[in-house]
Amino acid sequence: MTFEQFYRILIKHWRLVVICSLLVGLGAFFGTKQMTPLYQSSALVEIVFIPGNTQSNYDSLLAGQQLAQTEAPLATSGPVLREVASHYRGLTVEQLAGEVTATAITNTQLVEIDVKDPSPTRAAALANDVAATLIKQQLQVFQQTLGPSGQGSVSLFIAQPAQPALSPFQPDVRLNTAAGLVTGVLLGILLAVLFELLDKRIRTPEALSKLLDWPVLGTIWQAAPKKDVINPIGHNSNVESYSILRTNIGFAALDRSLHTLVVTSGAPRDGKSVVAANLAIFMAKAGRNTLLIDADLRHPIQHDHFGIPAHALGFSNAILAFSSPTTANAPADKQVLTPTTRTGPSSTPAVTSQLSLDPFVRAVNIPHLCVMPSGPLPPNPLELLDSKAMQRFFAALSNCGAEVVIFDTPHLLGLSDASILASKVDGTLVVVDTTRARKKNLKQVKALLGQAGARVLGCVVNKQHRQRKDMPYKYIPYSYNYGSRKRSGRSDYSTENTNLSTVSTVPLANPKPSETSPQPNREEQNGKAEHDANNVDSSTPSIDAVADNEQTNSLPVVEKRRTGE
């Protein structure tokens with residue numbers, strides 16, 4: 001672990017370090033306050049050796065020091081402690097032995113007797129009593145061994161009597177509290193490093209980029225409950241985020257053209273469909289003809305985002321139509337081919353048929369944007385995506401007039417749909433929800449895309465919690481009045497002349513109806529939508545029925561449509 005990594009861990013878990021330091025420090029403080037204070041009193045006993053006529057002063061000094069080393073252990077011996085304990089009611093020899101210590105002071109003739117006791121006066125009295133008892137017993141020993149003539153050779157007396165202490169000797173509240181604070185800091189650092197090593201989550205763009213070795217092309221912030229999720233406008237924090245994402249995708253495609261793009265994620269509910277929809281909207285706002293394809297044939301959602309009827313023709317119908325290279329024998333009103341005229345070698349006009357995407361594409365009231373819904377759900381999505389019809393479908397996409405084609409695919413883990421499409425397109429964008437991301441899952445996503453040979457442009461961090469420090473600048477509130485317009489939930493963009501709920505089937509090669517033919521009014525569009533809805537059975541439609549109503553081929557089985565992301 002480098003110093004930079006260690007520093008980042010401390011910055012990330014600084015609250016844990018502070019909490020541990022405070023808890024341990026306060027614990028040490030209150031624990032010390034609960035301890036019984038002990039007071040220490042000390043008495044000094046001096047040993048004087050009086051030399052004879054034949055001994056020098058230096059020899060007498062050495063003899064006194066040696067006697068001090070001998071007398072120190074005797075101060076805590078049994079005879080002395082038993083006699084002192086007998087002077088105090090309820091005091092045993094064992095208790096007294098735990099309170100009394102005696103030490104010979106180096107290079108002196110002094111013995112220090114220390115007594116620690118909860119009572120300062122009793123500590124001083126015990127120290128003086130032990131010193132007096134030691135002197136008494138030693139003088140008796142010298143008198144018996146040396147006789148009356150040797151009494152003057154060794155002398156013991158109290159050089160400094162013990163005094164009651166004014167403050168307790170232990171515990172030291174300040175020292176213990178400081179030690180607790182330092183211990184808490186070390187404990188917090190240890191826990192922070194341990195949590196970081198054991199943490200399997202990914203919470204920051206830096207950690208995501210380091211784990212996958214992919215660039216982070218954009219960060220989508222967690223939207224407020226009352227803010228728009230699809231097509232954010234105004235002062236929405238994600239307006240700039242999607243603009244940056246669009247720009248970074250353009251930079252990532254400098255070395256290689258980017259016509260088709262897959263937007264996927266590792267797990268469901270990561271927000272990939274919202275990112276795909278908004279990316280298509282912002283691409284279109286930049287003036288690029290954009291086609292958004294809902295390629296999630298399991299849990300589609302784009303038709304709900306753009307107000308497209310659930311029974312509308314879409315991606316699954318288009319693949320089925322492209323499974324047959326020609327429909328020359330079909331009735332004219334059932335063909336999905338666009339007849340074109342070419343001149344042969346004999347200068348005789350010949351008619352060829354080219355497959356058209358027009359019946360499967362819906363235009364929304366956002367300039368330059370068209371949407372292809374998923375269509376009826378087939379029972380075999382993998383067979384459709386990996387068929388030869390898919391190759392013809394991509395060939396048609398290259399000539400459909402769209403500059404950017406964005407595929408909204410299912411999630412990668414557990415399904416092969418996204419891997420199949422990722423291997424066929426020019427680039428792949430991986431959406432990661434940082435509130436739910438796990439290292440193990442992200443490594444599996446990278447391995448799957450690597451096996452598919454996908455060209456990964458980078459990642460999009462989604463649902464990132466925004467803090468004040470993350471804001472590049474502060475929005476300055478202005479006082480303005482736009483009349484009596486009122487916002488209402490997700491339909492805010494509808495009031496900005498970008499009503500996504502009004503859709504129509506238009507040729508994809510002409511994304512601007514106003515330039516080629518007059519745009520039908522909204523009443524005619526709504527009437528047509530109501531007429532189409534009335535022609536559909538209220539039960540889940542089969543693909544055969546949908547094909548008859550919408551003039552295309554049919555799929556054998558249909559599943560009930562469920563709402564996905």
# chains A, B, ... in the order shown; residues from 1 in each chain; ligands from 1
call {"tool": "residues_around", "arguments": {"residues": "Asn462 of chain A", "least_positions_apart": "5", "cutoff": "8 Å", "atoms": "only C-alpha atoms", "output": "ChimeraX atom specification"}}
result
/A:219-222,270-271,431-434
call {"tool": "write_last_selection", "arguments": {"atoms": "C-alpha atoms", "output": "compact mmCIF listing (two decimals), in the first residue's frame"}}
result
# COMPACT_ATOMS: atom_id res chain seq x y z
CA THR A 219 -21.02 10.88 -13.81
CA ILE A 220 -24.81 10.99 -13.50
CA TRP A 221 -25.94 12.38 -10.17
CA GLN A 222 -28.74 11.02 -8.04
CA ASP A 270 -28.58 0.11 -12.71
CA GLY A 271 -30.34 2.80 -14.77
CA VAL A 431 -23.45 1.91 -16.80
CA VAL A 432 -22.47 1.31 -13.17
CA ASP A 433 -24.72 2.12 -10.22
CA THR A 434 -22.26 3.10 -7.51
call {"tool": "residues_around", "arguments": {"residues": "Leu187 of chain A", "least_positions_apart": "4", "cutoff": "10 Å", "atoms": "only C-alpha atoms", "output": "list in words"}}
result
Leu16, Val17, Cys20, Ser21, Val24, Leu181, Val182, Thr183, Leu191 and Ala192 of chain A
call {"tool": "closest_residue", "arguments": {"among": "A:Lys200, A:His87, A:His465, A:Arg269", "to": "Lys439 of chain A", "atoms": "only C-alpha atoms"}}
result
A:Lys200
call {"tool": "select_by_dssp", "arguments": {"residues": "segment 13-206 of chain A", "states": "alpha helix (DSSP H)", "output": "JSON, numbers by chain"}}
result
{"A": [14, 15, 16, 17, 18, 19, 20, 21, 22, 23, 24, 25, 26, 27, 28, 29, 30, 31, 32, 33, 34, 57, 58, 59, 60, 61, 62, 63, 64, 65, 66, 67, 68, 69, 70, 71, 72, 73, 74, 75, 78, 79, 80, 81, 82, 83, 84, 85, 93, 94, 95, 96, 97, 98, 99, 120, 121, 122, 123, 124, 125, 126, 127, 128, 129, 130, 131, 132, 133, 134, 135, 136, 137, 138, 139, 140, 141, 142, 143, 144, 145, 146, 173, 174, 175, 176, 177, 178, 179, 180, 181, 182, 183, 184, 185, 186, 187, 188, 189, 190, 191, 192, 193, 194, 195, 196, 197, 198, 205, 206]}
call {"tool": "residues_around", "arguments": {"residues": "segment 309-319 of chain A", "least_positions_apart": "2", "cutoff": "6 Å", "atoms": "only C-alpha atoms", "output": "ChimeraX atom specification"}}
result
/A:321-322,360,372-375,389
call {"tool": "atom_distance", "arguments": {"atom1": "atom CA of Gly90 of chain A", "atom2": "atom CA of Arg122 of chain A"}}
result
13.2 Å
call {"tool": "select_by_dssp", "arguments": {"residues": "segment 276-465 of chain A", "states": "strand (DSSP E or B)", "output": "JSON, numbers by chain"}}
result
{"A": [290, 291, 292, 293, 294, 337, 338, 339, 340, 341, 342, 343, 349, 350, 351, 352, 353, 354, 355, 362, 363, 364, 369, 370, 371, 372, 377, 404, 405, 406, 407, 408, 427, 428, 429, 430, 431, 432, 433, 438, 456, 457, 458, 459, 460, 461, 462, 463, 464]}
call {"tool": "residues_around", "arguments": {"residues": "segment 71-76 of chain A", "least_positions_apart": "3", "cutoff": "7 Å", "atoms": "only C-alpha atoms", "output": "VMD selection string"}}
result
chain A and resid 67 to 68 80 to 81 97 100 to 104 111 130 134
call {"tool": "write_last_selection", "arguments": {"atoms": "N, CA and C atoms", "output": "PDB file, in the first residue's frame"}}
result
ATOM      1  N   LEU A  67      25.604  -1.270  53.607  1.00  0.00           N
ATOM      2  CA  LEU A  67      24.562  -1.478  54.612  1.00  0.00           C
ATOM      3  C   LEU A  67      23.197  -1.025  54.106  1.00  0.00           C
ATOM      4  N   ALA A  68      23.164   0.073  53.306  1.00  0.00           N
ATOM      5  CA  ALA A  68      21.898   0.553  52.758  1.00  0.00           C
ATOM      6  C   ALA A  68      21.292  -0.482  51.809  1.00  0.00           C
ATOM      7  N   VAL A  80       9.276  -7.035  60.278  1.00  0.00           N
ATOM      8  CA  VAL A  80       8.924  -5.609  60.316  1.00  0.00           C
ATOM      9  C   VAL A  80       7.450  -5.414  59.970  1.00  0.00           C
ATOM     10  N   LEU A  81       6.957  -6.078  58.903  1.00  0.00           N
ATOM     11  CA  LEU A  81       5.580  -5.895  58.506  1.00  0.00           C
ATOM     12  C   LEU A  81       4.592  -6.449  59.520  1.00  0.00           C
ATOM     13  N   ALA A  97       2.041  -5.716  52.741  1.00  0.00           N
ATOM     14  CA  ALA A  97       3.130  -6.025  51.816  1.00  0.00           C
ATOM     15  C   ALA A  97       2.840  -5.477  50.412  1.00  0.00           C
ATOM     16  N   VAL A 100       3.695  -1.449  50.649  1.00  0.00           N
ATOM     17  CA  VAL A 100       5.011  -0.934  51.073  1.00  0.00           C
ATOM     18  C   VAL A 100       6.075  -1.395  50.091  1.00  0.00           C
ATOM     19  N   THR A 101       6.950  -0.462  49.705  1.00  0.00           N
ATOM     20  CA  THR A 101       8.154  -0.759  48.915  1.00  0.00           C
ATOM     21  C   THR A 101       9.320   0.000  49.527  1.00  0.00           C
ATOM     22  N   ALA A 102      10.498  -0.616  49.448  1.00  0.00           N
ATOM     23  CA  ALA A 102      11.716   0.007  49.975  1.00  0.00           C
ATOM     24  C   ALA A 102      12.809  -0.088  48.933  1.00  0.00           C
ATOM     25  N   THR A 103      13.530   1.015  48.723  1.00  0.00           N
ATOM     26  CA  THR A 103      14.565   1.085  47.688  1.00  0.00           C
ATOM     27  C   THR A 103      15.771   1.817  48.240  1.00  0.00           C
ATOM     28  N   ALA A 104      16.949   1.246  47.996  1.00  0.00           N
ATOM     29  CA  ALA A 104      18.193   1.921  48.358  1.00  0.00           C
ATOM     30  C   ALA A 104      18.568   2.892  47.254  1.00  0.00           C
ATOM     31  N   VAL A 111      17.837   4.899  52.439  1.00  0.00           N
ATOM     32  CA  VAL A 111      16.825   3.916  52.065  1.00  0.00           C
ATOM     33  C   VAL A 111      15.475   4.629  52.040  1.00  0.00           C
ATOM     34  N   VAL A 130       6.899   2.007  59.534  1.00  0.00           N
ATOM     35  CA  VAL A 130       7.813   1.001  58.989  1.00  0.00           C
ATOM     36  C   VAL A 130       9.261   1.427  59.205  1.00  0.00           C
ATOM     37  N   LEU A 134      11.927  -0.637  61.541  1.00  0.00           N
ATOM     38  CA  LEU A 134      13.185  -1.114  60.970  1.00  0.00           C
ATOM     39  C   LEU A 134      14.375  -0.663  61.801  1.00  0.00           C
TER      40      LEU A 134
END
call {"tool": "residues_around", "arguments": {"residues": "Pro410 of chain A", "least_positions_apart": "2", "cutoff": "7 Å", "atoms": "only C-alpha atoms", "output": "list in words"}}
result
Thr264, Asp296, Leu412, Asp417 and Ala418 of chain A
call {"tool": "write_last_selection", "arguments": {"atoms": "C-alpha atoms", "output": "JSON list (two decimals), in the first residue's frame"}}
result
[["chain", "number", "residue", "atom", "x", "y", "z"],
["A", 264, "THR", "CA", -25.59, -1.93, -21.03],
["A", 296, "ASP", "CA", -34.17, -5.29, -24.46],
["A", 412, "LEU", "CA", -24.82, -8.59, -18.93],
["A", 417, "ASP", "CA", -28.16, -10.61, -25.30],
["A", 418, "ALA", "CA", -25.86, -7.71, -24.55]]
call {"tool": "residues_around", "arguments": {"residues": "segment 445-453 of chain A", "least_positions_apart": "5", "cutoff": "7 Å", "atoms": "only C-alpha atoms", "output": "MDAnalysis selection string"}}
result
chainID A and resid 212 266 412:413 419 423
call {"tool": "write_last_selection", "arguments": {"atoms": "C-alpha atoms", "output": "mmCIF file, in the first residue's frame"}}
result
data_model
loop_
_atom_site.group_PDB
_atom_site.id
_atom_site.type_symbol
_atom_site.label_atom_id
_atom_site.label_comp_id
_atom_site.auth_asym_id
_atom_site.auth_seq_id
_atom_site.Cartn_x
_atom_site.Cartn_y
_atom_site.Cartn_z
ATOM 1 C CA LEU A 212 -11.636 -2.013 -14.561
ATOM 2 C CA GLY A 266 -23.813 -5.502 -15.170
ATOM 3 C CA LEU A 412 -24.817 -8.591 -18.935
ATOM 4 C CA LEU A 413 -24.721 -10.906 -15.928
ATOM 5 C CA SER A 419 -22.710 -9.718 -25.288
ATOM 6 C CA SER A 423 -19.673 -7.916 -30.509
#
call {"tool": "closest_atom_pairs", "arguments": {"of": "segment 49-122 of chain A", "to": "segment 159-164 of chain A", "cutoff": "10 Å", "atoms": "only C-alpha atoms", "output": "Markdown table"}}
result
| residue | atom | partner | partner_atom | distance |
| --- | --- | --- | --- | --- |
| A:Leu110 | CA | A:Ala159 | CA | 8.3 |
| A:Val111 | CA | A:Ala159 | CA | 9.6 |
| A:Glu112 | CA | A:Gln160 | CA | 9.4 |
| A:Ile113 | CA | A:Ala162 | CA | 8.9 |
| A:Asp114 | CA | A:Ala162 | CA | 8.7 |
| A:Val115 | CA | A:Ala162 | CA | 9.3 |
| A:Ser119 | CA | A:Pro164 | CA | 8.6 |
| A:Pro120 | CA | A:Pro164 | CA | 4.9 |
| A:Thr121 | CA | A:Pro164 | CA | 5.0 |
| A:Arg122 | CA | A:Pro164 | CA | 7.9 |
call {"tool": "write_last_selection", "arguments": {"atoms": "C-alpha atoms", "output": "PDB file, in the first residue's frame"}}
result
ATOM      1  CA  LEU A 110      19.718   6.375  52.183  1.00  0.00           C
ATOM      2  CA  VAL A 111      16.825   3.916  52.065  1.00  0.00           C
ATOM      3  CA  GLU A 112      13.489   5.203  50.744  1.00  0.00           C
ATOM      4  CA  ILE A 113      10.345   3.613  52.160  1.00  0.00           C
ATOM      5  CA  ASP A 114       7.199   4.242  50.052  1.00  0.00           C
ATOM      6  CA  VAL A 115       3.632   3.442  51.088  1.00  0.00           C
ATOM      7  CA  SER A 119      -5.881   7.534  52.722  1.00  0.00           C
ATOM      8  CA  PRO A 120      -3.049  10.114  52.569  1.00  0.00           C
ATOM      9  CA  THR A 121      -2.730  10.328  56.368  1.00  0.00           C
ATOM     10  CA  ARG A 122      -2.612   6.573  56.785  1.00  0.00           C
TER      11      ARG A 122
END
